[in-house]
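The block underneath contains the structure these notes are about, expressed in structure tokens.
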Amino acid sequence: MILSMTGFGRAEDVFEGKKISIDIKSLNSKSFDLNIKVPLRYKEKEFEIRKILNDRIIRGKVDCYINLENLEETNDVKINKNLIDSYMKELRTIAPDGPDFEYLKMAVRFPDAITSRPDELTEEEWEALSKIVNNAVDRFEEFRKTEGKTLHIELEKNIQNIEQYLSEVIPFEEERLVSVRERYQKTLKEFENVDETRFYQEMAYFTEKLDISEEKVRLTQHLKYYLDVMNNEDFNGKKLGFISQEIGREINTLGSKANHADIQKLVVMMKDDLEKIKEQTLNVL
């Protein structure tokens, strides 16, 4: 199955008054390239989140944004009254006639007078977070499959176009060789004292150089192989890219040997479809 490297997925849920939302999007890339933004609260789990994304997304330039929103008012501040009283008593021993309000203003500035309640990430919250991450990746994969179906149709169409153009080369192939042979024979008659054996040897050599039979066979095989890999192998983008390069080599060789205007036109149309194949293959996972 063809999967696109382009994708988008979003998932969100609420855990203990916290709304967690995750957005994942990607473009094509030769490897897995992840840009991730994690709230400070979940920083300790960034490595685990990266592993989930790497294992499931595999390849692409990926952006992942995790947002956290508190839906309930919380009071995370703790005033250490006993400690503040101790500070004030010590201040009175130094300056017994001072007003209590001044002592209080000084005491609250001392260490640990006012602290934040620790709010550690629990295992339950991590399980909820990882579930949301996986849900976002599930939707992301659905998007990839939908895009992949469109890619599959376009790639198959372009491969079939090249096959059709290749079949149209055949009628011109014999016509081209006949034309070359007649031109050489006419040239032979215009000169005297020509070594006919050597002349026909040269003509045979030149005709052999124009022969495109091997290129046609190899090109046909490469086109078939491309379709086989596309239809039967998973995560086949890189392999399809290599095959498209081989298709390009055979088309270029065919064009350089053509020596015929109509064949050259067909080669140009093959190259046009091949460029579309190469561009689309870059987006195949």
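Residues in the structure tokens are named by chain (A, B, ... in the order shown) and by number from 1 within that chain; ligands are numbered from 1 in the order shown.
Omitting Pro171 (chain A) and its sequence neighbours fewer than 6 positions away, and counting only C-alpha atoms, the residues within 12 Å are Tyr165, Leu177, Val178, His260, Asp262 and Ile263 of chain A.
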Any chance you could export the current selection's N, CA, C and O atoms as a PDB file, in the first residue's frame?
ATOM      1  N   TYR A 165       3.433   5.135 -24.626  1.00  0.00           N
ATOM      2  CA  TYR A 165       4.363   5.830 -25.529  1.00  0.00           C
ATOM      3  C   TYR A 165       5.413   4.862 -26.061  1.00  0.00           C
ATOM      4  O   TYR A 165       5.814   4.947 -27.230  1.00  0.00           O
ATOM      5  N   LEU A 177      15.188   2.506 -39.518  1.00  0.00           N
ATOM      6  CA  LEU A 177      16.309   1.721 -40.022  1.00  0.00           C
ATOM      7  C   LEU A 177      16.302   1.632 -41.541  1.00  0.00           C
ATOM      8  O   LEU A 177      17.349   1.667 -42.198  1.00  0.00           O
ATOM      9  N   VAL A 178      15.105   1.516 -42.140  1.00  0.00           N
ATOM     10  CA  VAL A 178      14.989   1.492 -43.600  1.00  0.00           C
ATOM     11  C   VAL A 178      15.488   2.798 -44.189  1.00  0.00           C
ATOM     12  O   VAL A 178      16.224   2.823 -45.187  1.00  0.00           O
ATOM     13  N   HIS A 260      15.257   9.911 -34.858  1.00  0.00           N
ATOM     14  CA  HIS A 260      13.987   9.935 -35.573  1.00  0.00           C
ATOM     15  C   HIS A 260      13.072  10.936 -34.862  1.00  0.00           C
ATOM     16  O   HIS A 260      12.865  10.853 -33.649  1.00  0.00           O
ATOM     17  N   ASP A 262       9.799  11.516 -34.757  1.00  0.00           N
ATOM     18  CA  ASP A 262       8.596  11.041 -34.063  1.00  0.00           C
ATOM     19  C   ASP A 262       8.943  10.286 -32.784  1.00  0.00           C
ATOM     20  O   ASP A 262       8.236  10.386 -31.774  1.00  0.00           O
ATOM     21  N   ILE A 263      10.051   9.511 -32.824  1.00  0.00           N
ATOM     22  CA  ILE A 263      10.481   8.809 -31.608  1.00  0.00           C
ATOM     23  C   ILE A 263      10.938   9.816 -30.555  1.00  0.00           C
ATOM     24  O   ILE A 263      10.645   9.662 -29.360  1.00  0.00           O
TER      25      ILE A 263
END
Which residues come within 9 Å of Asp13 (chain A), counting only C-alpha atoms, excluding same-chain residues fewer than 3 positions away, as a ChimeraX atom specification?
/A:18-21,128-129,132
Output N, CA, C and O atoms for every residue in the selection just made, as a compact mmCIF listing (two decimals), in the first residue's frame.
# COMPACT_ATOMS: atom_id res chain seq x y z
N LYS A 18 -7.41 19.13 33.31
CA LYS A 18 -6.42 19.62 32.34
C LYS A 18 -6.82 19.17 30.93
O LYS A 18 -7.02 17.98 30.70
N LYS A 19 -6.93 20.12 30.03
CA LYS A 19 -7.24 19.79 28.64
C LYS A 19 -5.92 19.62 27.87
O LYS A 19 -5.12 20.55 27.78
N ILE A 20 -5.72 18.43 27.34
CA ILE A 20 -4.49 18.11 26.59
C ILE A 20 -4.85 17.97 25.12
O ILE A 20 -5.72 17.16 24.76
N SER A 21 -4.22 18.75 24.26
CA SER A 21 -4.46 18.65 22.81
C SER A 21 -3.13 18.48 22.09
O SER A 21 -2.13 19.10 22.46
N ALA A 128 -2.65 8.66 30.27
CA ALA A 128 -3.65 9.45 29.53
C ALA A 128 -2.97 10.23 28.40
O ALA A 128 -3.50 10.29 27.27
N LEU A 129 -1.81 10.81 28.69
CA LEU A 129 -1.08 11.57 27.68
C LEU A 129 -0.64 10.67 26.51
O LEU A 129 -0.82 11.03 25.34
N ILE A 132 -3.45 9.86 24.20
CA ILE A 132 -3.79 10.97 23.31
C ILE A 132 -2.77 11.06 22.17
O ILE A 132 -3.13 11.32 21.01
So which residues touch region 219-221 of chain A within 9 Å, counting only C-alpha atoms, skipping near sequence neighbours fewer than 3 positions away, as a VMD selection string?
chain A and resid 163 166 214 to 216 224 to 226 246 to 251
Leu53 (chain A): which residues within 10 Å, counting only C-alpha atoms, same-chain residues fewer than 6 positions away excluded, as a PyMOL selection string?
chain A and resi 24+32+34+59+62+64+133-134+136-137
Written file, previous selection with N, CA and C atoms, as a tab-separated table (two decimals), in the first residue's frame:
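Output (out-v9.tsv):
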chain	number	residue	atom	x	y	z
A	24	ILE	N	-0.25	16.91	15.05
A	24	ILE	CA	0.90	16.33	14.35
A	24	ILE	C	0.73	16.60	12.87
A	32	PHE	N	13.64	10.65	9.36
A	32	PHE	CA	12.70	11.12	10.36
A	32	PHE	C	13.29	12.37	11.01
A	34	LEU	N	12.13	15.36	13.47
A	34	LEU	CA	11.04	15.74	14.37
A	34	LEU	C	11.33	17.07	15.06
A	59	ARG	N	9.13	8.09	8.79
A	59	ARG	CA	9.90	9.00	7.94
A	59	ARG	C	9.08	10.24	7.66
A	62	VAL	N	8.51	16.16	10.58
A	62	VAL	CA	7.33	16.12	11.44
A	62	VAL	C	7.35	17.27	12.46
A	64	CYS	N	5.26	18.34	15.92
A	64	CYS	CA	4.31	17.87	16.93
A	64	CYS	C	4.19	18.95	18.02
A	133	VAL	N	-1.49	10.86	22.49
A	133	VAL	CA	-0.46	10.87	21.45
A	133	VAL	C	-0.76	9.81	20.39
A	134	ASN	N	-1.07	8.60	20.84
A	134	ASN	CA	-1.37	7.51	19.90
A	134	ASN	C	-2.64	7.77	19.11
A	136	ALA	N	-3.70	10.72	18.22
A	136	ALA	CA	-3.32	11.71	17.21
A	136	ALA	C	-2.59	11.04	16.04
A	137	VAL	N	-1.71	10.08	16.36
A	137	VAL	CA	-0.99	9.36	15.31
A	137	VAL	C	-1.96	8.50	14.49
Residues near Asp23 (chain A), cut-off 8 Å, only C-alpha atoms, skip fewer than 3 positions along chain, as number ranges by chain:
A: 8-11, 63-66, 136
Among region 28-165 of chain A, which residues does DSSP mark as strand (DSSP E) when it is run on the backbone? Keep the chain and numbering as in the structure and answer as an mmCIF file with N, CA and C atoms, in the first residue's frame.
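Result written to selection_3.cif:
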data_model
loop_
_atom_site.group_PDB
_atom_site.id
_atom_site.type_symbol
_atom_site.label_atom_id
_atom_site.label_comp_id
_atom_site.auth_asym_id
_atom_site.auth_seq_id
_atom_site.Cartn_x
_atom_site.Cartn_y
_atom_site.Cartn_z
ATOM 1 N N PHE A 32 13.645 10.646 9.365
ATOM 2 C CA PHE A 32 12.704 11.122 10.363
ATOM 3 C C PHE A 32 13.286 12.370 11.013
ATOM 4 N N ASP A 33 12.633 13.498 10.801
ATOM 5 C CA ASP A 33 13.106 14.785 11.305
ATOM 6 C C ASP A 33 11.984 15.395 12.139
ATOM 7 N N LEU A 34 12.133 15.357 13.468
ATOM 8 C CA LEU A 34 11.042 15.742 14.368
ATOM 9 C C LEU A 34 11.325 17.068 15.057
ATOM 10 N N ASN A 35 10.345 17.954 14.967
ATOM 11 C CA ASN A 35 10.340 19.191 15.751
ATOM 12 C C ASN A 35 9.162 19.094 16.723
ATOM 13 N N ILE A 36 9.453 19.083 18.020
ATOM 14 C CA ILE A 36 8.397 18.855 19.007
ATOM 15 C C ILE A 36 8.400 19.954 20.065
ATOM 16 N N LYS A 37 7.205 20.397 20.435
ATOM 17 C CA LYS A 37 7.047 21.388 21.505
ATOM 18 C C LYS A 37 6.204 20.762 22.607
ATOM 19 N N GLY A 60 9.768 11.388 7.551
ATOM 20 C CA GLY A 60 9.088 12.634 7.228
ATOM 21 C C GLY A 60 9.610 13.774 8.101
ATOM 22 N N LYS A 61 9.351 14.993 7.650
ATOM 23 C CA LYS A 61 9.674 16.178 8.452
ATOM 24 C C LYS A 61 8.430 16.488 9.292
ATOM 25 N N VAL A 62 8.511 16.157 10.579
ATOM 26 C CA VAL A 62 7.327 16.121 11.439
ATOM 27 C C VAL A 62 7.354 17.265 12.456
ATOM 28 N N ASP A 63 6.199 17.920 12.605
ATOM 29 C CA ASP A 63 5.996 18.902 13.672
ATOM 30 C C ASP A 63 4.945 18.341 14.621
ATOM 31 N N CYS A 64 5.257 18.342 15.917
ATOM 32 C CA CYS A 64 4.305 17.867 16.934
ATOM 33 C C CYS A 64 4.187 18.946 18.018
ATOM 34 N N TYR A 65 2.947 19.401 18.241
ATOM 35 C CA TYR A 65 2.694 20.437 19.245
ATOM 36 C C TYR A 65 1.751 19.881 20.312
ATOM 37 N N ILE A 66 2.206 19.895 21.567
ATOM 38 C CA ILE A 66 1.389 19.430 22.680
ATOM 39 C C ILE A 66 1.012 20.652 23.521
ATOM 40 N N ASN A 67 -0.285 20.874 23.674
ATOM 41 C CA ASN A 67 -0.777 22.034 24.424
ATOM 42 C C ASN A 67 -1.509 21.562 25.673
ATOM 43 N N LEU A 68 -1.321 22.312 26.764
ATOM 44 C CA LEU A 68 -1.944 21.984 28.047
ATOM 45 C C LEU A 68 -2.707 23.206 28.547
ATOM 46 N N GLU A 69 -3.979 22.988 28.907
ATOM 47 C CA GLU A 69 -4.818 24.082 29.395
ATOM 48 C C GLU A 69 -5.511 23.638 30.685
ATOM 49 N N ASN A 70 -5.356 24.437 31.741
ATOM 50 C CA ASN A 70 -6.031 24.147 33.013
ATOM 51 C C ASN A 70 -7.466 24.660 32.950
ATOM 52 N N VAL A 77 -0.219 27.554 45.817
ATOM 53 C CA VAL A 77 0.676 28.296 46.710
ATOM 54 C C VAL A 77 0.470 27.830 48.154
ATOM 55 N N LYS A 78 1.577 27.613 48.856
ATOM 56 C CA LYS A 78 1.520 27.199 50.263
ATOM 57 C C LYS A 78 2.257 28.237 51.123
ATOM 58 N N ILE A 79 1.535 28.783 52.105
ATOM 59 C CA ILE A 79 2.128 29.740 53.046
ATOM 60 C C ILE A 79 2.523 28.980 54.313
ATOM 61 N N ILE A 114 7.044 31.221 51.557
ATOM 62 C CA ILE A 114 5.954 30.931 50.615
ATOM 63 C C ILE A 114 6.507 29.989 49.546
ATOM 64 N N THR A 115 5.880 28.844 49.338
ATOM 65 C CA THR A 115 6.357 27.855 48.371
ATOM 66 C C THR A 115 5.198 27.378 47.498
ATOM 67 N N SER A 116 5.556 26.718 46.401
ATOM 68 C CA SER A 116 4.546 26.095 45.537
ATOM 69 C C SER A 116 4.404 24.640 45.923
#
Write out, as a Markdown table, each residue of region 219-241 of chain A that has an atom at most 12 Å from region 264-285 of chain A, together with the closest pair of atoms and their distance in Å to one decimal, counting only C-alpha atoms, rows going by chain and rising number.
| residue | atom | partner | partner_atom | distance |
| --- | --- | --- | --- | --- |
| A:Leu219 | CA | A:Met270 | CA | 11.1 |
| A:Leu223 | CA | A:Leu274 | CA | 10.7 |
| A:Tyr226 | CA | A:Ile277 | CA | 10.5 |
| A:Leu227 | CA | A:Ile277 | CA | 11.8 |
| A:Met230 | CA | A:Val284 | CA | 9.7 |
| A:Glu233 | CA | A:Leu285 | CA | 11.1 |
| A:Asp234 | CA | A:Leu285 | CA | 8.4 |
| A:Phe235 | CA | A:Leu285 | CA | 5.2 |
| A:Asn236 | CA | A:Leu285 | CA | 6.4 |
| A:Gly237 | CA | A:Val284 | CA | 4.6 |
| A:Lys238 | CA | A:Leu285 | CA | 7.7 |
| A:Lys239 | CA | A:Thr281 | CA | 9.5 |
| A:Leu240 | CA | A:Thr281 | CA | 6.7 |
| A:Gly241 | CA | A:Thr281 | CA | 6.1 |
May I have the residues from that selection written out with N, CA and C atoms, as a compact mmCIF listing (two decimals), in the first residue's frame?
# COMPACT_ATOMS: atom_id res chain seq x y z
N LEU A 219 13.39 -1.06 -20.18
CA LEU A 219 12.40 -0.07 -19.75
C LEU A 219 11.08 -0.75 -19.38
N LEU A 223 9.37 -0.64 -15.61
CA LEU A 223 8.00 -0.16 -15.41
C LEU A 223 7.17 -1.21 -14.67
N TYR A 226 8.31 -1.37 -11.04
CA TYR A 226 7.80 -0.23 -10.28
C TYR A 226 6.38 -0.52 -9.77
N LEU A 227 5.53 -1.02 -10.67
CA LEU A 227 4.15 -1.34 -10.29
C LEU A 227 4.10 -2.46 -9.25
N MET A 230 5.15 -1.02 -5.90
CA MET A 230 4.13 -0.09 -5.43
C MET A 230 2.92 -0.83 -4.86
N GLU A 233 4.63 -3.92 -1.70
CA GLU A 233 5.59 -3.70 -0.61
C GLU A 233 5.20 -2.48 0.21
N ASP A 234 5.38 -2.57 1.54
CA ASP A 234 5.10 -1.45 2.43
C ASP A 234 6.34 -0.56 2.57
N PHE A 235 6.10 0.71 2.90
CA PHE A 235 7.19 1.68 3.11
C PHE A 235 8.19 1.61 1.95
N ASN A 236 7.68 1.78 0.75
CA ASN A 236 8.45 1.52 -0.47
C ASN A 236 8.94 2.77 -1.18
N GLY A 237 8.83 3.94 -0.54
CA GLY A 237 9.18 5.20 -1.21
C GLY A 237 10.60 5.26 -1.74
N LYS A 238 11.57 4.87 -0.89
CA LYS A 238 12.98 4.95 -1.31
C LYS A 238 13.25 3.99 -2.47
N LYS A 239 12.69 2.79 -2.39
CA LYS A 239 12.90 1.80 -3.45
C LYS A 239 12.29 2.28 -4.77
N LEU A 240 11.11 2.87 -4.69
CA LEU A 240 10.47 3.40 -5.91
C LEU A 240 11.32 4.53 -6.50
N GLY A 241 11.96 5.30 -5.63
CA GLY A 241 12.84 6.37 -6.11
C GLY A 241 14.01 5.81 -6.91
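Take the candidates A:Arg92, A:Ser130, A:Glu154, A:Glu141 and check each one against Glu48 (chain A) using only C-alpha atoms; the shortest distance goes to A:Ser130.
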Contacts of Tyr87 (chain A) within 12 Å, only C-alpha atoms, excl. fewer than 6 positions in-chain, as a tab-separated table (two decimals) with C-alpha atoms, in the first residue's frame:
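What landed in selection06.tsv:
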chain	number	residue	atom	x	y	z
A	80	ASN	CA	4.32	28.28	55.79
A	81	LYS	CA	2.67	30.02	58.77
A	93	THR	CA	14.45	39.75	69.62
A	94	ILE	CA	16.55	42.08	67.45
A	100	ASP	CA	4.22	43.43	63.58
A	102	GLU	CA	6.91	45.40	59.28
A	103	TYR	CA	8.11	42.10	60.72
A	104	LEU	CA	5.58	40.26	58.50
A	105	LYS	CA	6.77	42.04	55.34
A	106	MET	CA	10.32	41.03	56.12
A	107	ALA	CA	9.46	37.46	57.14
A	108	VAL	CA	7.63	36.55	53.92
A	109	ARG	CA	10.79	37.37	51.97
A	110	PHE	CA	12.88	34.82	53.86
A	111	PRO	CA	13.57	31.34	52.39
A	112	ASP	CA	10.65	28.86	52.21
A	113	ALA	CA	8.15	31.32	53.71
Can you list, as a list of chain:residue names, every protein, DNA or RNA residue that comes within 8 Å of Lys145 (chain A) when you count only C-alpha atoms, leaving out same-chain residues fewer than 2 positions away?
A:Ile2, A:Leu3, A:Ser4, A:Glu141, A:Glu142, A:Phe143, A:Glu147, A:Gly148, A:Lys149
Using all heavy atoms, can you export the residues from the last selection as a PDB file, in the first residue's frame?
ATOM      1  N   ILE A   2       0.461   2.214  -0.813  1.00  0.00           N
ATOM      2  CA  ILE A   2       1.158   3.500  -0.845  1.00  0.00           C
ATOM      3  C   ILE A   2       0.690   4.356   0.337  1.00  0.00           C
ATOM      4  O   ILE A   2      -0.504   4.525   0.564  1.00  0.00           O
ATOM      5  CB  ILE A   2       0.856   4.238  -2.167  1.00  0.00           C
ATOM      6  CG1 ILE A   2       1.590   3.593  -3.334  1.00  0.00           C
ATOM      7  CG2 ILE A   2       1.240   5.714  -2.058  1.00  0.00           C
ATOM      8  CD1 ILE A   2       3.058   3.885  -3.374  1.00  0.00           C
ATOM      9  N   LEU A   3       1.649   4.905   1.088  1.00  0.00           N
ATOM     10  CA  LEU A   3       1.344   5.869   2.147  1.00  0.00           C
ATOM     11  C   LEU A   3       2.059   7.173   1.824  1.00  0.00           C
ATOM     12  O   LEU A   3       3.224   7.169   1.436  1.00  0.00           O
ATOM     13  CB  LEU A   3       1.812   5.359   3.509  1.00  0.00           C
ATOM     14  CG  LEU A   3       1.081   4.153   4.096  1.00  0.00           C
ATOM     15  CD1 LEU A   3       1.730   3.759   5.423  1.00  0.00           C
ATOM     16  CD2 LEU A   3      -0.395   4.448   4.313  1.00  0.00           C
ATOM     17  N   SER A   4       1.354   8.271   1.979  1.00  0.00           N
ATOM     18  CA  SER A   4       1.957   9.573   1.747  1.00  0.00           C
ATOM     19  C   SER A   4       2.768   9.997   2.959  1.00  0.00           C
ATOM     20  O   SER A   4       2.436   9.652   4.097  1.00  0.00           O
ATOM     21  CB  SER A   4       0.862  10.607   1.456  1.00  0.00           C
ATOM     22  OG  SER A   4       1.395  11.910   1.442  1.00  0.00           O
ATOM     23  N   GLU A 141      -2.249   8.750  10.538  1.00  0.00           N
ATOM     24  CA  GLU A 141      -2.085   7.627   9.612  1.00  0.00           C
ATOM     25  C   GLU A 141      -3.278   7.505   8.662  1.00  0.00           C
ATOM     26  O   GLU A 141      -3.108   7.154   7.494  1.00  0.00           O
ATOM     27  CB  GLU A 141      -1.904   6.328  10.399  1.00  0.00           C
ATOM     28  CG  GLU A 141      -0.550   6.220  11.087  1.00  0.00           C
ATOM     29  CD  GLU A 141      -0.395   4.934  11.883  1.00  0.00           C
ATOM     30  OE1 GLU A 141      -1.434   4.308  12.205  1.00  0.00           O
ATOM     31  OE2 GLU A 141       0.750   4.559  12.172  1.00  0.00           O
ATOM     32  N   GLU A 142      -4.471   7.793   9.147  1.00  0.00           N
ATOM     33  CA  GLU A 142      -5.652   7.774   8.276  1.00  0.00           C
ATOM     34  C   GLU A 142      -5.505   8.807   7.157  1.00  0.00           C
ATOM     35  O   GLU A 142      -5.858   8.537   6.002  1.00  0.00           O
ATOM     36  CB  GLU A 142      -6.915   8.067   9.102  1.00  0.00           C
ATOM     37  CG  GLU A 142      -7.321   6.926  10.030  1.00  0.00           C
ATOM     38  CD  GLU A 142      -8.437   7.328  10.980  1.00  0.00           C
ATOM     39  OE1 GLU A 142      -9.007   8.432  10.792  1.00  0.00           O
ATOM     40  OE2 GLU A 142      -8.736   6.545  11.894  1.00  0.00           O
ATOM     41  N   PHE A 143      -4.996   9.976   7.516  1.00  0.00           N
ATOM     42  CA  PHE A 143      -4.754  11.021   6.521  1.00  0.00           C
ATOM     43  C   PHE A 143      -3.739  10.540   5.492  1.00  0.00           C
ATOM     44  O   PHE A 143      -3.918  10.727   4.290  1.00  0.00           O
ATOM     45  CB  PHE A 143      -4.242  12.289   7.225  1.00  0.00           C
ATOM     46  CG  PHE A 143      -4.190  13.513   6.352  1.00  0.00           C
ATOM     47  CD1 PHE A 143      -5.144  14.501   6.470  1.00  0.00           C
ATOM     48  CD2 PHE A 143      -3.174  13.681   5.410  1.00  0.00           C
ATOM     49  CE1 PHE A 143      -5.100  15.642   5.674  1.00  0.00           C
ATOM     50  CE2 PHE A 143      -3.123  14.809   4.611  1.00  0.00           C
ATOM     51  CZ  PHE A 143      -4.085  15.795   4.743  1.00  0.00           C
ATOM     52  N   GLU A 147      -4.293  10.173   1.397  1.00  0.00           N
ATOM     53  CA  GLU A 147      -3.392  10.813   0.432  1.00  0.00           C
ATOM     54  C   GLU A 147      -2.671   9.765  -0.417  1.00  0.00           C
ATOM     55  O   GLU A 147      -2.416   9.979  -1.604  1.00  0.00           O
ATOM     56  CB  GLU A 147      -2.359  11.669   1.177  1.00  0.00           C
ATOM     57  CG  GLU A 147      -2.916  12.922   1.810  1.00  0.00           C
ATOM     58  CD  GLU A 147      -3.241  13.983   0.777  1.00  0.00           C
ATOM     59  OE1 GLU A 147      -2.338  14.388   0.026  1.00  0.00           O
ATOM     60  OE2 GLU A 147      -4.401  14.389   0.715  1.00  0.00           O
ATOM     61  N   GLY A 148      -2.351   8.629   0.193  1.00  0.00           N
ATOM     62  CA  GLY A 148      -1.647   7.554  -0.518  1.00  0.00           C
ATOM     63  C   GLY A 148      -2.481   6.979  -1.645  1.00  0.00           C
ATOM     64  O   GLY A 148      -1.949   6.626  -2.710  1.00  0.00           O
ATOM     65  N   LYS A 149      -3.793   6.863  -1.442  1.00  0.00           N
ATOM     66  CA  LYS A 149      -4.670   6.343  -2.499  1.00  0.00           C
ATOM     67  C   LYS A 149      -4.644   7.252  -3.717  1.00  0.00           C
ATOM     68  O   LYS A 149      -4.609   6.785  -4.868  1.00  0.00           O
ATOM     69  CB  LYS A 149      -6.099   6.194  -1.966  1.00  0.00           C
ATOM     70  CG  LYS A 149      -6.262   5.066  -0.971  1.00  0.00           C
ATOM     71  CD  LYS A 149      -7.683   5.027  -0.401  1.00  0.00           C
ATOM     72  CE  LYS A 149      -7.820   3.924   0.634  1.00  0.00           C
ATOM     73  NZ  LYS A 149      -9.165   3.919   1.265  1.00  0.00           N
TER      74      LYS A 149
END
Going by DSSP on the backbone, which residues of region 21-241 of chain A come out as helix (DSSP H, G or I)? List them as a ChimeraX atom specification.
/A:40-57,81-94,100-107,123-189,196-210,213-232,237-241
